[in-house]
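K.L.:
Once you've had a glance at the structure underneath, I'll fire off some questions.
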Amino acid sequence: MQASMLARSFSLAAATAASVLLAISAAQAQPPSFDTFTVPAGSAPHDVAPAPDGTVWYTAQAQGAVGRLDPRSGKADRVPLGAGSAPHGVIVGPDGAAWITDGGQNAIVRVDPKTLAVTRFPLPKDRPNTNLNTAVFDKRGHLWFTGQGGIYGELDPARSSIRVFDAPRGPGPYGICVTPDGSLYFASLAGNYLGRIDPASGAAQVIEPPTRDQGARRVWGDSKGRVWVSEWSAGKVGVFDPATRQWREWRLPGREPHAYAIFVDDQDIVWLSEWSANALVRFDPRTERFEVLALPRAHANVRQMMGRPGEVWLSESGTDHLLRYRTRAISTASAASAGGN
């Protein structure tokens with residue numbers, strides 16, 4: 001009798017221990033979740049740019065301002081950019097400042113990270129209404145930018161000099177990126193091509209994607225120098241390898257997908273925002289597999305993404321929120337090197 005009760009007691013203890021271990025295992029297996037940060041109502045945050053100090057800049061397109069969020073406190077600075085401002089893109093420059101493509105002012109705008117002072121670099125008067133879009137810094141510290149009105153250009157901040165060039169096929173230049181070897185590429189949404197810029201002459205070479213009328217929207221370079229493209233109209237992600245001059249494309253999961261934003265992280269994982277499914281999509285080029293992660297709010301309208309080690313940041317232009325998606329656990333040391341996250 002006692003032996004039987006003892007056996008049952010051991011059995012119950014073993015079952016309890018097993019269920020505790022199972023619960024711990026399940027909790028550890030849970031995928032990373034989204035962290036939500038509310039920005040002022042009516043901001044319509046278009047682009048987002050995490051900074052090395054741990055803060056995050058975003059363009060409040062509907063309010064003619066730029067914001068700077070501190071994820072640790074949830075507080076945000078708001079910097080008005082001037083009369084008529086309608087900022088589109090924002091990036092963090094090598095000087096630590098926020099650099100903005102302001103379509104409303106037809107100017108490149110710099111916001112000092114310490115004083116929040118605003119400096120404007122207007123485009124030449126013979127280049128009005130360019131519909132400035134996105135910018136990137138090259139290895140010389142020059143800022144290259146696109147305008148959907150049919151231009152791309154270069155700003156030398158040290159000399160305050162600007163060069164503007166007509167894009168092939170007219171209107172359309174949208175996303176722009178620089179690869180590890182310093183090469184410059186941009187996507188033309190209306191022109192349906194990938195363009196490569198010669199920084200010396202300013203001339204652009206058209207590189208045709210395999211899918212016609214694909215709606216190349218944004219671009220990002222990976223560690224191998226390949227250029228990844230979000231194909232809005234085709235619902236695909238494409239990659240161009242300059243070394244082989246070969247393309248590959250993959251259609252995103254779901255019904256009638258629309259790939260808008262694209263970002264390639266430090267592990268060469270490709271992230272996309274998919275508007276039809278209102279989702280963040282993870283694509284692993286090594287396995288060629290997709291993972292679809294539903295966004296926490298409907299009609300998020302994520303137009304741009306950027307990140308830093310262990311994090312992807314998204315701007316919900318439709319809901320006045322910023323999102324952080326933690327892609328993996330970060331050690332204390334690596335978090336400190338990434339700006340204290």
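By convention here, the chains of the structure tokens are called A, B, ... in the order presented, each chain's residues are numbered starting at 1, and ligands are numbered starting at 1 in the order presented.
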Using only C-alpha atoms, which protein or nucleic acid residues come within 9 Å of Asn129 (chain A)? Drop anything in the same chain fewer than 4 positions from it, and give the result as a PyMOL selection string.
P.N.:
chain A and resi 103-106+147+149
K.L.:
Please identify all polymer residues within 7 Å of region 272-287 of chain A, counting only C-alpha atoms, omitting same-chain residues fewer than 2 positions from it, and present them as a PyMOL selection string.
P.N.:
chain A and resi 256-263+269-270+289-295+298-302
K.L.:
Next, dump the selected residues to file, keeping only N, CA and C atoms, as a JSON list (two decimals), in the first residue's frame.
P.N.:
[["chain", "number", "residue", "atom", "x", "y", "z"],
["A", 256, "GLU", "N", -2.52, 38.46, -53.61],
["A", 256, "GLU", "CA", -2.22, 39.78, -54.15],
["A", 256, "GLU", "C", -1.32, 40.60, -53.21],
["A", 257, "PRO", "N", -0.12, 40.09, -52.91],
["A", 257, "PRO", "CA", 0.78, 40.82, -52.00],
["A", 257, "PRO", "C", 1.32, 42.10, -52.64],
["A", 258, "HIS", "N", 1.61, 43.07, -51.77],
["A", 258, "HIS", "CA", 2.23, 44.33, -52.19],
["A", 258, "HIS", "C", 3.41, 44.61, -51.26],
["A", 259, "ALA", "N", 4.61, 44.50, -51.79],
["A", 259, "ALA", "CA", 5.83, 44.71, -51.00],
["A", 259, "ALA", "C", 6.23, 46.18, -51.05],
["A", 260, "TYR", "N", 6.24, 46.84, -49.91],
["A", 260, "TYR", "CA", 6.56, 48.28, -49.87],
["A", 260, "TYR", "C", 7.98, 48.49, -49.34],
["A", 261, "ALA", "N", 8.12, 48.49, -48.02],
["A", 261, "ALA", "CA", 9.43, 48.76, -47.43],
["A", 261, "ALA", "C", 10.30, 47.51, -47.46],
["A", 262, "ILE", "N", 11.62, 47.73, -47.45],
["A", 262, "ILE", "CA", 12.58, 46.62, -47.38],
["A", 262, "ILE", "C", 13.76, 47.03, -46.53],
["A", 263, "PHE", "N", 14.30, 46.07, -45.77],
["A", 263, "PHE", "CA", 15.47, 46.30, -44.94],
["A", 263, "PHE", "C", 16.21, 44.98, -44.82],
["A", 269, "ILE", "N", 19.31, 38.82, -43.24],
["A", 269, "ILE", "CA", 17.90, 38.47, -43.31],
["A", 269, "ILE", "C", 17.16, 39.65, -43.94],
["A", 270, "VAL", "N", 16.25, 39.36, -44.86],
["A", 270, "VAL", "CA", 15.52, 40.41, -45.58],
["A", 270, "VAL", "C", 14.15, 40.58, -44.92],
["A", 289, "ARG", "N", 12.88, 30.78, -47.48],
["A", 289, "ARG", "CA", 11.60, 30.63, -46.80],
["A", 289, "ARG", "C", 11.12, 31.96, -46.24],
["A", 290, "PHE", "N", 9.79, 32.15, -46.28],
["A", 290, "PHE", "CA", 9.15, 33.34, -45.75],
["A", 290, "PHE", "C", 8.50, 33.04, -44.40],
["A", 291, "GLU", "N", 8.45, 34.07, -43.56],
["A", 291, "GLU", "CA", 7.66, 34.03, -42.33],
["A", 291, "GLU", "C", 6.84, 35.31, -42.28],
["A", 292, "VAL", "N", 5.53, 35.17, -42.11],
["A", 292, "VAL", "CA", 4.64, 36.33, -42.11],
["A", 292, "VAL", "C", 4.20, 36.62, -40.69],
["A", 293, "LEU", "N", 4.45, 37.85, -40.23],
["A", 293, "LEU", "CA", 4.14, 38.27, -38.86],
["A", 293, "LEU", "C", 3.08, 39.37, -38.92],
["A", 294, "ALA", "N", 1.90, 39.08, -38.43],
["A", 294, "ALA", "CA", 0.81, 40.05, -38.46],
["A", 294, "ALA", "C", 1.14, 41.26, -37.60],
["A", 295, "LEU", "N", 0.88, 42.44, -38.10],
["A", 295, "LEU", "CA", 1.11, 43.66, -37.34],
["A", 295, "LEU", "C", -0.01, 43.83, -36.30],
["A", 298, "ALA", "N", -4.62, 47.24, -37.39],
["A", 298, "ALA", "CA", -5.06, 47.25, -38.78],
["A", 298, "ALA", "C", -4.65, 48.54, -39.47],
["A", 299, "HIS", "N", -4.50, 48.48, -40.79],
["A", 299, "HIS", "CA", -4.20, 49.65, -41.62],
["A", 299, "HIS", "C", -2.95, 50.38, -41.11],
["A", 300, "ALA", "N", -1.91, 49.61, -40.81],
["A", 300, "ALA", "CA", -0.68, 50.21, -40.29],
["A", 300, "ALA", "C", 0.02, 51.07, -41.34],
["A", 301, "ASN", "N", -0.03, 50.64, -42.59],
["A", 301, "ASN", "CA", 0.58, 51.39, -43.69],
["A", 301, "ASN", "C", 2.06, 51.68, -43.42],
["A", 302, "VAL", "N", 2.83, 50.60, -43.30],
["A", 302, "VAL", "CA", 4.27, 50.74, -43.03],
["A", 302, "VAL", "C", 4.99, 51.03, -44.34]]
K.L.:
Smallest atom-to-atom distance to Val178 (chain A): which of A:Gly64, A:Pro199, A:Pro71, A:Gly84, using only C-alpha atoms?
P.N.:
A:Pro199
K.L.:
Pick out the residues sitting within 8 Å of region 242-252 of chain A, and hand them over as a ChimeraX atom specification; count only C-alpha atoms, and ignore anything fewer than 3 positions along from it in its own chain.
P.N.:
/A:209-210,225-227,234-239,257,259,290
K.L.:
Which residue is closest to Gln148 (chain A)? Choose from A:Asp53, A:Asp320, A:Asp222, A:Asp166 and count only C-alpha atoms.
P.N.:
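Once distances to Gln148 (chain A) are computed over only C-alpha atoms, the minimum belongs to A:Asp166.
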K.L.:
Quick one: pick out all strand (DSSP E or B) residues within region 60-114 of chain A from a backbone DSSP run and write them as a list in words.
P.N.:
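Taking region 60-114 of chain A and keeping strand (DSSP E or B) gives Ala60, Ala65, Val66, Gly67, Arg68, Leu69, Ala76, Asp77, Arg78, Val79, Pro80, Pro87, His88, Gly89, Val90, Ile91, Val92, Ala98, Trp99, Ile100, Thr101, Asp102, Ala107, Ile108, Val109, Arg110 and Val111 of chain A.
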K.L.:
Skipping near chain neighbours, those fewer than 6 positions away, what residues fall within 9 Å of region 35-37 of chain A using only C-alpha atoms, listed as JSON, numbers by chain?
P.N.:
{"A": [69, 71, 74, 296, 320, 321, 322, 323, 324, 325, 326]}
K.L.:
Those selected residues, please, written with C-alpha atoms and delivered as a PDB file, in the first residue's frame.
P.N.:
ATOM      1  CA  LEU A  69      11.835  59.104 -29.708  1.00  0.00           C
ATOM      2  CA  PRO A  71      12.431  54.153 -26.426  1.00  0.00           C
ATOM      3  CA  GLY A  74       8.803  56.722 -24.361  1.00  0.00           C
ATOM      4  CA  PRO A 296      -0.677  44.569 -34.081  1.00  0.00           C
ATOM      5  CA  ASP A 320       0.620  57.178 -35.527  1.00  0.00           C
ATOM      6  CA  HIS A 321       2.838  54.536 -33.966  1.00  0.00           C
ATOM      7  CA  LEU A 322       6.413  53.303 -34.245  1.00  0.00           C
ATOM      8  CA  LEU A 323       7.125  49.600 -33.836  1.00  0.00           C
ATOM      9  CA  ARG A 324      10.198  47.740 -32.691  1.00  0.00           C
ATOM     10  CA  TYR A 325      10.502  44.061 -33.525  1.00  0.00           C
ATOM     11  CA  ARG A 326      13.217  42.250 -31.613  1.00  0.00           C
TER      12      ARG A 326
END
K.L.:
At a cut-off of 8 Å, using only C-alpha atoms, what residues contact Pro45 (chain A)? Leave out same-chain residues fewer than 3 positions from it and give the result as a PyMOL selection string.
P.N.:
chain A and resi 48+58-62+315-317+320-322
K.L.:
Go ahead and save the residues from that selection, with C-alpha atoms, as a tab-separated table (two decimals), in the first residue's frame.
P.N.:
chain	number	residue	atom	x	y	z
A	48	VAL	CA	12.12	55.98	-39.25
A	58	TYR	CA	11.00	59.73	-37.56
A	59	THR	CA	9.42	62.10	-40.04
A	60	ALA	CA	6.03	63.51	-39.02
A	61	GLN	CA	5.02	64.11	-42.61
A	62	ALA	CA	1.53	65.46	-41.91
A	315	SER	CA	6.81	53.43	-38.94
A	316	GLU	CA	3.03	52.99	-38.92
A	317	SER	CA	1.98	55.99	-40.98
A	320	ASP	CA	0.62	57.18	-35.53
A	321	HIS	CA	2.84	54.54	-33.97
A	322	LEU	CA	6.41	53.30	-34.24
K.L.:
Which polymer residues have any atom within 10 Å of an atom of Asp181 (chain A), counting only C-alpha atoms, with same-chain residues fewer than 4 positions away left out, as a short mmCIF file (atom, residue, chain, number, x, y, z; two decimals) with C-alpha atoms, in the first residue's frame?
P.N.:
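Below you can see around.cif, which holds the result:
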data_model
loop_
_atom_site.label_atom_id
_atom_site.label_comp_id
_atom_site.auth_asym_id
_atom_site.auth_seq_id
_atom_site.Cartn_x
_atom_site.Cartn_y
_atom_site.Cartn_z
CA ASP A 138 28.27 57.48 -49.57
CA LYS A 139 31.72 56.68 -48.22
CA SER A 223 26.91 42.28 -46.77
CA LYS A 224 27.84 40.56 -50.05
CA GLY A 225 27.09 43.62 -52.17
#
K.L.:
Counting only C-alpha atoms, figure out which residue out of A:Val219, A:Ala65, A:Leu132, A:Ile151 gets nearest to Met305 (chain A).
P.N.:
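Result for the nearest residue to Met305 (chain A): A:Val219.
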K.L.:
Report as a list in words all protein, DNA and RNA residues lying within 9 Å of Asp77 (chain A), evaluated on only C-alpha atoms, omitting residues in the same chain fewer than 4 positions from it.
P.N.:
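Skipping anything fewer than 4 positions along the chain leaves Val66, Gly67, Arg68, Leu69 and Asp70 of chain A.
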K.L.:
Given only C-alpha atoms as the basis, pick out the residue of A:Trp57, A:Trp313, A:Trp144, A:Phe186 nearest to Ser230 (chain A).
P.N.:
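Closest residue, counting only C-alpha atoms: A:Phe186.
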